[in-house]
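Quick look at entry.csv (CSV, C-alpha atoms):
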chain,number,residue,atom,x,y,z
A,1,MET,CA,178.7,230.6,104.7
A,2,ARG,CA,179.7,230.4,108.3
A,3,LEU,CA,179.3,234.1,109.2
A,4,GLU,CA,176.1,234.8,107.1
A,5,GLY,CA,174.1,237.6,108.7
A,6,LYS,CA,176.9,238.6,111.1
A,7,VAL,CA,178.6,242.0,111.4
A,8,ALA,CA,182.3,242.3,112.3
A,9,THR,CA,184.6,245.1,113.3
A,10,VAL,CA,188.4,244.7,112.7
A,11,THR,CA,191.1,247.1,114.0
A,12,GLY,CA,194.4,247.4,112.2
A,13,ALA,CA,192.7,246.2,109.1
A,14,GLY,CA,194.8,248.3,106.7
A,15,ARG,CA,197.2,245.5,105.8
A,16,GLY,CA,198.7,242.2,107.0
A,17,ILE,CA,196.8,239.9,109.3
A,18,GLY,CA,194.0,242.5,109.9
A,19,ARG,CA,193.3,242.8,106.2
A,20,ALA,CA,193.4,239.1,105.7
A,21,CYS,CA,190.9,238.5,108.5
A,22,ALA,CA,188.6,241.2,107.3
A,23,ILE,CA,188.6,239.7,103.8
A,24,GLN,CA,187.9,236.2,105.1
A,25,PHE,CA,185.1,237.4,107.4
A,26,ALA,CA,183.5,238.9,104.4
A,27,SER,CA,184.0,235.9,102.2
A,28,GLU,CA,182.1,233.9,104.9
A,29,GLY,CA,179.2,236.2,104.7
A,30,ALA,CA,179.9,238.9,107.4
A,31,LYS,CA,179.5,242.6,106.8
A,32,VAL,CA,182.7,244.2,107.9
A,33,LEU,CA,183.6,247.6,109.4
A,34,VAL,CA,187.3,247.9,108.9
A,35,SER,CA,189.4,250.4,110.8
A,36,ASP,CA,193.0,251.6,111.0
A,37,ILE,CA,194.9,254.9,111.5
A,38,ASN,CA,196.0,254.8,107.9
A,39,LYS,CA,193.1,256.1,105.7
A,40,GLU,CA,194.6,255.0,102.4
A,41,GLU,CA,195.3,251.5,103.5
A,42,VAL,CA,192.0,250.8,105.3
A,43,GLU,CA,190.0,252.3,102.5
A,44,GLU,CA,191.8,249.9,100.1
A,45,THR,CA,190.9,247.0,102.3
A,46,ALA,CA,187.2,248.0,102.2
A,47,GLN,CA,187.4,248.4,98.4
A,48,ILE,CA,189.0,244.9,98.0
A,49,ILE,CA,186.1,243.4,100.0
A,50,ASN,CA,183.5,245.2,98.1
A,51,GLU,CA,185.0,244.3,94.7
A,52,LEU,CA,185.0,240.7,95.8
A,53,GLY,CA,181.3,240.9,96.3
A,54,GLY,CA,181.3,241.5,100.1
A,55,SER,CA,180.0,244.4,102.1
A,56,SER,CA,182.4,246.7,103.9
A,57,GLU,CA,182.7,250.2,105.2
A,58,PHE,CA,185.8,251.8,106.7
A,59,CYS,CA,186.6,254.3,109.5
A,60,ILE,CA,189.7,255.8,111.0
A,61,CYS,CA,190.4,254.6,114.5
A,62,ASP,CA,193.2,255.2,116.9
A,63,THR,CA,192.6,252.4,119.3
A,64,GLY,CA,194.4,254.2,122.1
A,65,ASN,CA,191.6,256.8,122.0
A,66,GLN,CA,188.4,255.8,123.7
A,67,LYS,CA,186.3,258.1,121.6
A,68,ASP,CA,187.6,256.6,118.4
A,69,CYS,CA,186.8,253.1,119.6
A,70,ARG,CA,183.3,254.0,120.5
A,71,ASN,CA,182.8,255.7,117.2
A,72,MET,CA,184.1,252.6,115.4
A,73,VAL,CA,181.4,250.5,117.1
A,74,GLU,CA,178.7,253.0,116.5
A,75,ASN,CA,179.7,253.3,112.8
A,76,ALA,CA,179.4,249.5,112.4
A,77,VAL,CA,175.9,249.5,113.9
A,78,ALA,CA,174.8,252.6,111.9
A,79,SER,CA,176.0,251.0,108.7
A,80,PHE,CA,174.9,247.4,109.2
A,81,GLY,CA,172.4,247.3,112.1
A,82,ARG,CA,174.2,245.1,114.6
A,83,LEU,CA,177.5,243.8,115.9
A,84,ASP,CA,178.5,240.2,116.4
A,85,ILE,CA,182.2,239.9,116.0
A,86,HIS,CA,185.1,242.1,117.0
A,87,LEU,CA,188.8,241.5,116.2
A,88,ASN,CA,191.4,243.4,118.2
A,89,ASN,CA,194.4,243.4,115.8
A,90,ALA,CA,196.0,246.9,115.7
A,91,ALA,CA,199.6,246.8,117.0
A,92,VAL,CA,202.9,248.6,116.9
A,93,LEU,CA,206.5,247.3,117.3
A,94,ILE,CA,209.6,249.1,118.3
A,95,VAL,CA,213.0,247.3,118.1
A,96,LYS,CA,215.8,248.4,120.4
A,97,LYS,CA,218.2,247.1,122.9
A,98,PHE,CA,216.8,246.9,126.5
A,99,LEU,CA,219.0,249.7,127.8
A,100,ASP,CA,218.1,251.9,124.9
A,101,PHE,CA,214.3,251.8,125.4
A,102,GLN,CA,212.8,255.1,126.5
A,103,ILE,CA,209.6,255.6,128.5
A,104,GLU,CA,208.1,257.1,125.3
A,105,ASP,CA,208.7,253.8,123.5
A,106,TRP,CA,207.1,251.9,126.3
A,107,ASN,CA,204.1,254.1,126.4
A,108,GLN,CA,203.6,254.1,122.7
A,109,VAL,CA,203.5,250.3,122.4
A,110,LEU,CA,201.4,249.6,125.5
A,111,ARG,CA,198.9,252.3,124.5
A,112,VAL,CA,198.1,250.6,121.2
A,113,ASN,CA,198.8,246.9,121.9
A,114,LEU,CA,197.2,246.6,125.3
A,115,THR,CA,195.2,249.7,126.3
A,116,GLY,CA,193.8,249.7,122.7
A,117,PHE,CA,192.7,246.1,123.0
A,118,PHE,CA,190.9,247.0,126.3
A,119,LEU,CA,189.2,250.1,124.9
A,120,ALA,CA,188.1,248.7,121.6
A,121,GLY,CA,187.1,245.3,123.2
A,122,GLN,CA,185.1,247.0,125.9
A,123,ALA,CA,183.4,249.3,123.4
A,124,ALA,CA,182.4,246.3,121.3
A,125,ALA,CA,181.3,244.2,124.3
A,126,ARG,CA,179.1,247.0,125.6
A,127,LYS,CA,177.4,247.3,122.3
A,128,MET,CA,177.0,243.5,122.1
A,129,VAL,CA,175.4,243.4,125.6
A,130,GLU,CA,173.1,246.3,124.6
A,131,LEU,CA,172.0,244.5,121.5
A,132,GLY,CA,171.5,241.2,123.3
A,133,ASN,CA,172.7,238.9,120.6
A,134,GLY,CA,175.9,237.6,122.2
A,135,GLY,CA,179.0,237.6,120.1
A,136,SER,CA,182.7,236.7,119.7
A,137,ILE,CA,185.7,238.9,120.5
A,138,ILE,CA,189.1,237.8,119.2
A,139,ASN,CA,192.3,239.3,120.6
A,140,MET,CA,195.4,239.0,118.4
A,141,SER,CA,198.2,237.9,120.7
A,142,SER,CA,201.6,236.3,119.8
A,143,ILE,CA,203.9,233.5,120.8
A,144,ASN,CA,205.9,236.4,122.3
A,145,ALA,CA,203.4,236.4,125.1
A,146,VAL,CA,205.3,233.4,126.3
A,147,LEU,CA,208.6,233.4,124.4
A,148,ALA,CA,210.6,236.5,125.0
A,149,ILE,CA,212.7,238.4,122.5
A,150,PRO,CA,214.7,241.1,124.4
A,151,ASP,CA,214.9,243.6,121.6
A,152,ILE,CA,211.1,244.0,121.4
A,153,LEU,CA,210.6,244.5,125.2
A,154,PRO,CA,207.3,246.5,125.3
A,155,TYR,CA,205.7,244.3,122.5
A,156,VAL,CA,206.5,241.1,124.5
A,157,VAL,CA,205.0,242.6,127.7
A,158,SER,CA,201.9,243.9,125.8
A,159,LYS,CA,201.2,240.4,124.4
A,160,GLY,CA,201.5,238.8,127.8
A,161,GLY,CA,199.0,241.3,129.0
A,162,VAL,CA,196.7,240.5,126.1
A,163,ASN,CA,196.6,236.9,127.2
A,164,GLN,CA,195.4,237.8,130.6
A,165,LEU,CA,193.0,240.4,129.2
A,166,THR,CA,191.5,237.6,127.1
A,167,LYS,CA,190.8,235.5,130.1
A,168,VAL,CA,189.3,238.3,132.2
A,169,MET,CA,187.1,239.4,129.4
A,170,ALA,CA,185.9,235.9,128.7
A,171,LEU,CA,184.9,235.3,132.3
A,172,SER,CA,183.3,238.7,132.7
A,173,LEU,CA,181.2,238.4,129.6
A,174,ILE,CA,180.2,234.7,129.6
A,175,ASN,CA,176.7,235.3,131.0
A,176,ASP,CA,176.1,237.7,128.1
A,177,ARG,CA,176.9,234.9,125.6
A,178,ILE,CA,180.0,236.7,124.4
A,179,ARG,CA,183.0,234.5,123.9
A,180,VAL,CA,186.5,235.9,124.0
A,181,ASN,CA,189.5,234.1,122.7
A,182,GLY,CA,193.0,234.9,121.5
A,183,ILE,CA,195.2,233.9,118.6
A,184,GLY,CA,198.9,233.7,119.1
A,185,PRO,CA,200.7,233.6,115.7
A,186,GLY,CA,204.3,232.7,115.3
A,187,SER,CA,206.4,234.3,112.5
A,188,ILE,CA,203.9,235.3,109.9
A,189,ALA,CA,204.9,237.0,106.6
A,190,THR,CA,203.8,240.5,107.5
A,191,ASP,CA,205.6,243.9,107.3
A,192,MET,CA,206.1,243.8,111.1
A,193,VAL,CA,207.8,240.4,111.1
A,194,LYS,CA,210.0,241.5,108.1
A,195,GLN,CA,211.0,244.4,110.3
A,196,VAL,CA,212.1,242.1,113.1
A,197,MET,CA,213.8,239.6,110.8
A,198,GLY,CA,215.9,242.2,109.0
A,199,THR,CA,219.0,240.3,107.7
A,200,ASN,CA,219.3,236.8,106.2
A,201,SER,CA,221.1,235.6,109.3
A,202,LEU,CA,218.2,236.6,111.6
A,203,ARG,CA,215.8,235.0,109.1
A,204,GLU,CA,217.8,231.7,109.4
A,205,LYS,CA,217.8,232.0,113.2
A,206,ILE,CA,214.0,232.3,113.3
A,207,LEU,CA,213.4,229.5,110.8
A,208,SER,CA,215.8,227.3,112.6
A,209,ARG,CA,213.3,227.4,115.5
A,210,THR,CA,210.3,226.8,113.3
A,211,PRO,CA,209.9,223.0,112.6
A,212,ILE,CA,207.5,223.5,109.7
A,213,GLY,CA,210.3,225.3,107.9
A,214,ARG,CA,208.6,228.4,106.7
A,215,LEU,CA,206.8,231.6,107.7
A,216,GLY,CA,203.1,231.5,108.2
A,217,HIS,CA,200.7,233.4,105.9
A,218,PRO,CA,198.2,236.0,107.0
A,219,ASP,CA,195.4,233.9,105.4
A,220,GLU,CA,196.3,231.0,107.7
A,221,VAL,CA,195.7,233.2,110.7
A,222,ALA,CA,192.5,234.5,109.2
A,223,SER,CA,191.2,231.0,108.8
A,224,LEU,CA,191.5,230.5,112.6
A,225,ALA,CA,189.9,233.9,113.2
A,226,VAL,CA,186.9,232.8,111.1
A,227,PHE,CA,186.6,229.6,113.2
A,228,LEU,CA,186.7,231.5,116.5
A,229,ALA,CA,184.1,234.0,115.1
A,230,SER,CA,181.8,231.2,114.1
A,231,GLU,CA,179.5,228.8,115.9
A,232,GLU,CA,182.0,226.1,115.2
A,233,SER,CA,183.9,227.3,118.3
A,234,SER,CA,180.8,227.7,120.4
A,235,TYR,CA,182.3,225.8,123.4
A,236,ILE,CA,185.7,227.7,123.4
A,237,THR,CA,186.2,230.8,125.5
A,238,GLY,CA,189.1,232.3,127.4
A,239,GLU,CA,191.7,230.4,125.3
A,240,THR,CA,194.6,231.6,123.3
A,241,ILE,CA,195.4,229.3,120.4
A,242,TYR,CA,198.9,229.3,119.1
A,243,MET,CA,199.7,228.8,115.4
A,244,ASP,CA,203.4,228.8,115.1
A,245,GLY,CA,204.6,226.0,112.9
A,246,GLY,CA,205.6,224.0,115.9
A,247,ARG,CA,207.9,226.6,117.3
A,248,MET,CA,206.7,226.6,120.9
A,249,ALA,CA,207.1,222.8,121.1
A,250,LEU,CA,210.7,222.8,119.9
A,251,ASN,CA,213.6,222.5,122.3
A,252,TYR,CA,216.4,222.7,119.8
A,253,THR,CA,217.1,224.0,116.3
A,254,VAL,CA,216.4,222.5,112.9
A,255,PRO,CA,218.3,222.8,109.6
A,256,VAL,CA,217.4,225.7,107.4
A,257,GLU,CA,217.6,225.8,103.6
A,258,THR,CA,219.7,228.7,102.4

Starting from the file, lay out its structure as structure tokens.
Amino acid sequence: MRLEGKVATVTGAGRGIGRACAIQFASEGAKVLVSDINKEEVEETAQIINELGGSSEFCICDTGNQKDCRNMVENAVASFGRLDIHLNNAAVLIVKKFLDFQIEDWNQVLRVNLTGFFLAGQAAARKMVELGNGGSIINMSSINAVLAIPDILPYVVSKGGVNQLTKVMALSLINDRIRVNGIGPGSIATDMVKQVMGTNSLREKILSRTPIGRLGHPDEVASLAVFLASEESSYITGETIYMDGGRMALNYTVPVET
């Protein structure tokens, strides 16, 4: 197993991509501390992992709160003795027209999607440096770091910031043998994407820009996360890898089955 003997922390692990990544980390041998603001959902993730024969604990973590992020890292070390992998995944999305966004909307999204990545990532990195074993930090970005959708303004801006945060973290931590990379999913079948897609007409619009002709699955993102967490990616740092079904390469639309 590729992550045998490793310990991972995952934020936003209550459902969707975060849950899928946590489960695959565990299936590859890692012990996983899963966190989320939703106790019921994150407890269920830990239960699924344990029932599948893995090893997992959970904690409540608001990633915009520095104390929560530090507690998450300490809980992982207290439970499993070390920390080797951290996945920043917790994110929120607000859909509005540009002129309707309020400062409260902006602050809410940036607090979780960018400040939360900094706080949780820094807490994990500090612990990795203290332990001296190196590690891998993965930041969940998005194709929307590059491709703009006007009705999700703060989300788009936050993901652009995540890409730069990934580069700065990677360069800053390289001498400590900590690699930092990003994953930029396209349209993945999660609750968040379903919220954006809304109607059938919007679904067709999104798929018309997706050459592979379907939504991605959280397990597909998780497979890339396992690769970046493992020694198989030992020469990769500071990169954001986009998995989007060909969307960013496309300069026109494709037919969509209705």

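The shortest atom-to-atom distance to A:Ala78, with only C-alpha atoms taken into account, belongs to A:Lys127 out of A:Arg179, A:Lys127, A:Arg2, A:Lys205.
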
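Atom CA of A:Thr210 to atom CA of A:Ser141 spans 18.0 Å [interatomic distance, one decimal].
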
Distance query A:Ile188 at most 12 Å, all atoms listed in the file, self and fewer than 5 positions along chain excluded, as a PyMOL selection string: chain A and resi 16-17+20+142-143+193-197+203+206-207+210+214-222+243-245

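With all atoms listed in the file as the atoms that count, the minimum distance from A:Cys21 to the choices A:Ala76, A:Ala249, A:Leu87, A:Leu131 is reached by A:Leu87.
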
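Relative to atom CA of A:Gly182, atom CA of A:Val226 is found at 12.2 Å.
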
Distance in Å - atom CA of A:Leu93 versus atom CA of A:Glu74: 28.4 Å

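The neighbours of A:Asp84 here are the residues that come within 10 Å of it, using only C-alpha atoms and leaving out any residue fewer than 5 positions away in the same chain; they are Leu3, Gly5, Lys6, Val7, Ala8, Thr9, Ala30, Lys31, Val77, Ala124, Ala125, Lys127, Met128, Leu131, Gly132, Asn133, Gly134, Gly135, Ser136, Ile137, Ile178, Ala229 and Ser230 of chain A.
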
Pick out the closest residue to A:Glu41 from this set: A:Phe58, A:Tyr242, A:Phe227, A:Phe80. Count only C-alpha atoms. A:Phe58
